[in-house]
Amino acid sequence: MTNEQDKYQGQFADAPAVSQEELRARNSRNRWLGIALAVFVILVGVITFIRLSSSDLSESGFYYNMDDRGERVQELPTGMTPEQAAPPPNLTPADETPSEEDPS
Amino acid sequence: MSATSEKRYATAGDYVQLLKPRIMMLVVFTAIAGLVAAVGVTGVSINPIMAAIATLAIALGSGAAGAINMWYDADIDQIMSRTSTRPIPSGAVPKEEALAMGLIMSGVSVMLMWLASNWLAAALLAFSIFYYGVIYTMWLKRSTPQNIVIGGGAGAFPPVIGWAAVTGNTPVDAWILFAIIFFWTPPHFWALSLLAHGEYEKAGVPMLPVTHGAKVTRNQILFYTILLVPLALLPVLTGLGGWIYGATALALGLVFLGYAVRVWRSNAGDAEASGADMKLARGMFFFSILYLFLVFAALILEHAAGLHFVIGGV
């Protein structure tokens, strides 16, 4: 009888007796299951790494690139002019909108 | 339930047996052929690690289909002596465990394929598992003597999946590889069933020799081999196969045809069949495995080793 079985002796009277052979088989099976799970996690990690490293996310327009001065600039989608990309006048910040009442 | 009187506990080897490793090897090999040929023909590259993971996904999918097959066929496996030592009829692995393993592995394999390549390859893999596990195993196998003709489609998918994993589509060349395996399956499997038709009869499986007799089976073996030999040369016309492939397919095809003719003229599978007749059928069965292996090996060699010299050009 193993230490594991000794520890619970008498506490679970209805529990089926587990032979050494069955215990060994169960442990071996669990070990292989653990290995299989670990391999699966590693594979998904490797796939993710390769997919991310082989794609240039900055080209998606989602991320900003840095210009020569180190400032962030957003690349426009192919075919779009800066005028088209500019926000509509009613959304332009107040300090940038020329006022009609401005005497100058 | 148990074919053996002594209760035993499953080892890792029993779970490997559930995956039908010998079939898996052929599946993986033909998938690699499709993968390598796709790279060679189209020039599209694939990350080698991604290609290895895609191949692993195909292997897992094949194993999953095998486990589902063993789960469903446990009752007839118990009757046939050839299959009575399999993990379920021998009592090592509970049926439900085999089913759970098959279903989980199916999901994992399709997901891995999707992540490593594309949705088309993943969808084809899912369909091929369904084809083998449900269409062939649960429906065709016990209902029609044409079971392995139609069911052969399941085993023919791997090169198409391999091709799709690289390019994201399935051109005619990929389907030619499919057709080669599809038309190879009947002579391969019926050669075996000529040897084991008594077992199939005992288990109530309507294999062709059981329902129509050995003579009709021998005719059908010859018919499908006659179709297969020129079909295997089709890649030479499309440019998929070059000189090496063409010469290999022709030489092996003629030997295969020679076997089919000799089996056709023999009494293999009949009650009065001699030992030599049965030896001939067994020889054809083993040669058919070698045939498929070498034909696809020639294709891999040409494309992987830069030896793809197309007839009529370079």
# chains A, B, ... in the order shown; residues from 1 in each chain; ligands from 1
>>> interface_residues(of="chain A", to="chain B", cutoff="9 Å", atoms="only C-alpha atoms", output="list in words")
Glu21, Glu22, Ala25, Arg26, Ser28, Arg29, Trp32, Phe40, Leu43, Val44, Val46, Ile47, Thr48, Ile50 and Arg51 of chain A
>>> write_last_selection(atoms="C-alpha atoms", output="short mmCIF file (atom, residue, chain, number, x, y, z; two decimals), in the first residue's frame")
data_model
loop_
_atom_site.label_atom_id
_atom_site.label_comp_id
_atom_site.auth_asym_id
_atom_site.auth_seq_id
_atom_site.Cartn_x
_atom_site.Cartn_y
_atom_site.Cartn_z
CA GLU A 21 -0.97 -1.51 -11.37
CA GLU A 22 -3.98 0.74 -11.89
CA ALA A 25 -1.34 3.28 -15.32
CA ARG A 26 -3.32 6.29 -14.10
CA SER A 28 1.39 7.44 -16.55
CA ARG A 29 -1.76 8.52 -18.38
CA TRP A 32 1.12 12.04 -20.91
CA PHE A 40 -0.41 22.35 -27.26
CA LEU A 43 2.48 25.25 -30.28
CA VAL A 44 -0.13 27.99 -29.97
CA VAL A 46 4.94 29.49 -31.42
CA ILE A 47 2.19 30.09 -34.01
CA THR A 48 1.31 33.42 -32.38
CA ILE A 50 5.52 33.62 -35.96
CA ARG A 51 2.30 35.29 -37.07
#
>>> select_by_dssp(residues="range 33-159 of chain B", states="helix (DSSP H, G or I)", output="number ranges by chain")
B: 33-42, 48-72, 74-79, 95-116, 119-140, 147-156, 158-159
>>> write_last_selection(atoms="C-alpha atoms", output="short mmCIF file (atom, residue, chain, number, x, y, z; two decimals), in the first residue's frame")
data_model
loop_
_atom_site.label_atom_id
_atom_site.label_comp_id
_atom_site.auth_asym_id
_atom_site.auth_seq_id
_atom_site.Cartn_x
_atom_site.Cartn_y
_atom_site.Cartn_z
CA ALA B 33 3.65 15.37 -50.76
CA GLY B 34 0.77 17.80 -51.36
CA LEU B 35 2.50 20.46 -49.30
CA VAL B 36 5.87 20.10 -51.00
CA ALA B 37 4.31 19.89 -54.49
CA ALA B 38 2.29 23.06 -53.83
CA VAL B 39 5.45 24.96 -52.91
CA GLY B 40 7.27 23.54 -55.94
CA VAL B 41 4.53 24.25 -58.48
CA THR B 42 3.22 27.62 -57.30
CA PRO B 48 8.79 25.67 -42.17
CA ILE B 49 7.54 25.69 -38.58
CA MET B 50 4.02 26.49 -39.75
CA ALA B 51 4.32 23.68 -42.32
CA ALA B 52 5.40 21.28 -39.56
CA ILE B 53 2.47 22.34 -37.35
CA ALA B 54 0.05 21.96 -40.28
CA THR B 55 1.41 18.44 -40.84
CA LEU B 56 1.02 17.69 -37.14
CA ALA B 57 -2.58 18.91 -37.35
CA ILE B 58 -3.24 16.48 -40.21
CA ALA B 59 -1.67 13.66 -38.16
CA LEU B 60 -3.85 14.56 -35.17
CA GLY B 61 -6.94 14.72 -37.40
CA SER B 62 -6.15 11.29 -38.81
CA GLY B 63 -5.68 9.92 -35.29
CA ALA B 64 -8.94 11.52 -34.15
CA ALA B 65 -10.85 9.90 -37.01
CA GLY B 66 -9.21 6.57 -36.14
CA ALA B 67 -10.29 6.85 -32.50
CA ILE B 68 -13.89 7.68 -33.51
CA ASN B 69 -13.82 4.70 -35.89
CA MET B 70 -12.63 2.37 -33.12
CA TRP B 71 -15.28 3.72 -30.76
CA TYR B 72 -18.09 3.04 -33.21
CA ALA B 74 -15.93 -1.76 -31.09
CA ASP B 75 -18.74 -4.31 -31.49
CA ILE B 76 -17.50 -5.71 -34.79
CA ASP B 77 -13.82 -5.39 -33.85
CA GLN B 78 -14.57 -7.78 -30.98
CA ILE B 79 -15.86 -10.40 -33.44
CA LYS B 95 -15.37 3.17 -25.30
CA GLU B 96 -16.39 6.58 -23.96
CA GLU B 97 -12.77 7.51 -23.43
CA ALA B 98 -11.94 6.70 -27.04
CA LEU B 99 -14.85 8.84 -28.22
CA ALA B 100 -13.84 11.74 -25.99
CA MET B 101 -10.28 11.47 -27.21
CA GLY B 102 -11.42 11.43 -30.83
CA LEU B 103 -13.67 14.46 -30.44
CA ILE B 104 -11.15 16.52 -28.47
CA MET B 105 -8.37 15.69 -30.91
CA SER B 106 -10.64 16.59 -33.85
CA GLY B 107 -11.23 20.04 -32.38
CA VAL B 108 -7.58 20.56 -31.51
CA SER B 109 -6.36 19.45 -34.95
CA VAL B 110 -8.78 21.72 -36.84
CA MET B 111 -7.94 24.66 -34.61
CA LEU B 112 -4.19 24.13 -34.99
CA MET B 113 -4.60 23.89 -38.76
CA TRP B 114 -6.57 27.12 -38.85
CA LEU B 115 -3.98 28.94 -36.73
CA ALA B 116 -1.01 27.57 -38.66
CA TRP B 119 -9.57 28.40 -42.95
CA LEU B 120 -9.79 26.37 -46.17
CA ALA B 121 -7.23 23.82 -45.00
CA ALA B 122 -8.93 23.69 -41.59
CA ALA B 123 -12.37 23.21 -43.19
CA LEU B 124 -11.07 20.44 -45.44
CA LEU B 125 -9.47 18.72 -42.44
CA ALA B 126 -12.73 18.98 -40.47
CA PHE B 127 -14.67 17.57 -43.42
CA SER B 128 -12.24 14.67 -43.91
CA ILE B 129 -12.57 13.72 -40.22
CA PHE B 130 -16.36 13.87 -40.58
CA TYR B 131 -16.14 11.87 -43.82
CA TYR B 132 -14.18 9.04 -42.17
CA GLY B 133 -15.77 9.12 -38.74
CA VAL B 134 -19.39 9.57 -39.77
CA ILE B 135 -19.99 9.03 -43.50
CA TYR B 136 -17.70 5.99 -43.85
CA THR B 137 -17.70 4.46 -40.36
CA MET B 138 -21.28 5.05 -39.24
CA TRP B 139 -23.08 4.90 -42.55
CA LEU B 140 -21.29 3.34 -45.54
CA ASN B 147 -18.27 1.27 -48.71
CA ILE B 148 -14.57 1.51 -49.37
CA VAL B 149 -15.01 3.02 -52.85
CA ILE B 150 -16.97 6.02 -51.56
CA GLY B 151 -15.25 5.96 -48.18
CA GLY B 152 -11.88 6.08 -49.93
CA GLY B 153 -12.51 9.79 -50.34
CA ALA B 154 -11.68 10.29 -46.68
CA GLY B 155 -8.16 8.93 -47.10
CA ALA B 156 -7.69 10.89 -50.33
CA PRO B 158 -4.54 14.72 -47.08
CA PRO B 159 -2.61 15.94 -50.18
#
>>> residues_around(residues="Ala196 in chain B", least_positions_apart="3", cutoff="10 Å", atoms="only C-alpha atoms", output="list in words")
Met80, Ser81, Arg82, Trp190, Ala191, Leu192, Ser193, Glu199, Tyr200, Glu201, Met207, Pro209, Val210 and Gly269 of chain B
>>> write_last_selection(atoms="C-alpha atoms", output="PDB file, in the first residue's frame")
ATOM      1  CA  MET B  80     -12.997 -10.302 -35.942  1.00  0.00           C
ATOM      2  CA  SER B  81      -9.752 -11.922 -34.772  1.00  0.00           C
ATOM      3  CA  ARG B  82      -7.674  -9.396 -36.753  1.00  0.00           C
ATOM      4  CA  TRP B 190     -10.249  -5.449 -51.700  1.00  0.00           C
ATOM      5  CA  ALA B 191      -6.946  -7.351 -51.930  1.00  0.00           C
ATOM      6  CA  LEU B 192      -7.059  -7.461 -48.112  1.00  0.00           C
ATOM      7  CA  SER B 193     -10.747  -8.324 -48.007  1.00  0.00           C
ATOM      8  CA  GLU B 199     -14.116 -12.397 -40.797  1.00  0.00           C
ATOM      9  CA  TYR B 200     -16.156  -9.628 -42.408  1.00  0.00           C
ATOM     10  CA  GLU B 201     -18.969 -12.107 -43.029  1.00  0.00           C
ATOM     11  CA  MET B 207     -17.637  -6.155 -48.015  1.00  0.00           C
ATOM     12  CA  PRO B 209     -16.372 -10.478 -51.469  1.00  0.00           C
ATOM     13  CA  VAL B 210     -19.085 -11.182 -48.876  1.00  0.00           C
ATOM     14  CA  GLY B 269     -10.889 -15.450 -52.015  1.00  0.00           C
TER      15      GLY B 269
END
>>> closest_atom_pairs(of="range 16-102 of chain B", to="range 271-295 of chain B", cutoff="9 Å", atoms="only C-alpha atoms", output="CSV")
residue,atom,partner,partner_atom,distance
B:Leu26,CA,B:Phe293,CA,7.4
B:Phe29,CA,B:Phe293,CA,7.7
B:Thr30,CA,B:Phe293,CA,8.0
>>> write_last_selection(atoms="C-alpha atoms", output="compact mmCIF listing (two decimals), in the first residue's frame")
# COMPACT_ATOMS: atom_id res chain seq x y z
CA LEU B 26 0.50 7.14 -44.94
CA PHE B 29 3.27 11.19 -46.01
CA THR B 30 0.70 12.01 -48.71
>>> residues_around(residues="Thr248 in chain B", least_positions_apart="4", cutoff="9 Å", atoms="only C-alpha atoms", output="JSON, numbers by chain")
{"B": [243, 244, 252, 253, 294, 295, 298]}
>>> atom_distance(atom1="CA of Gly306 in chain B", atom2="CA of Trp163 in chain B")
18.1 Å
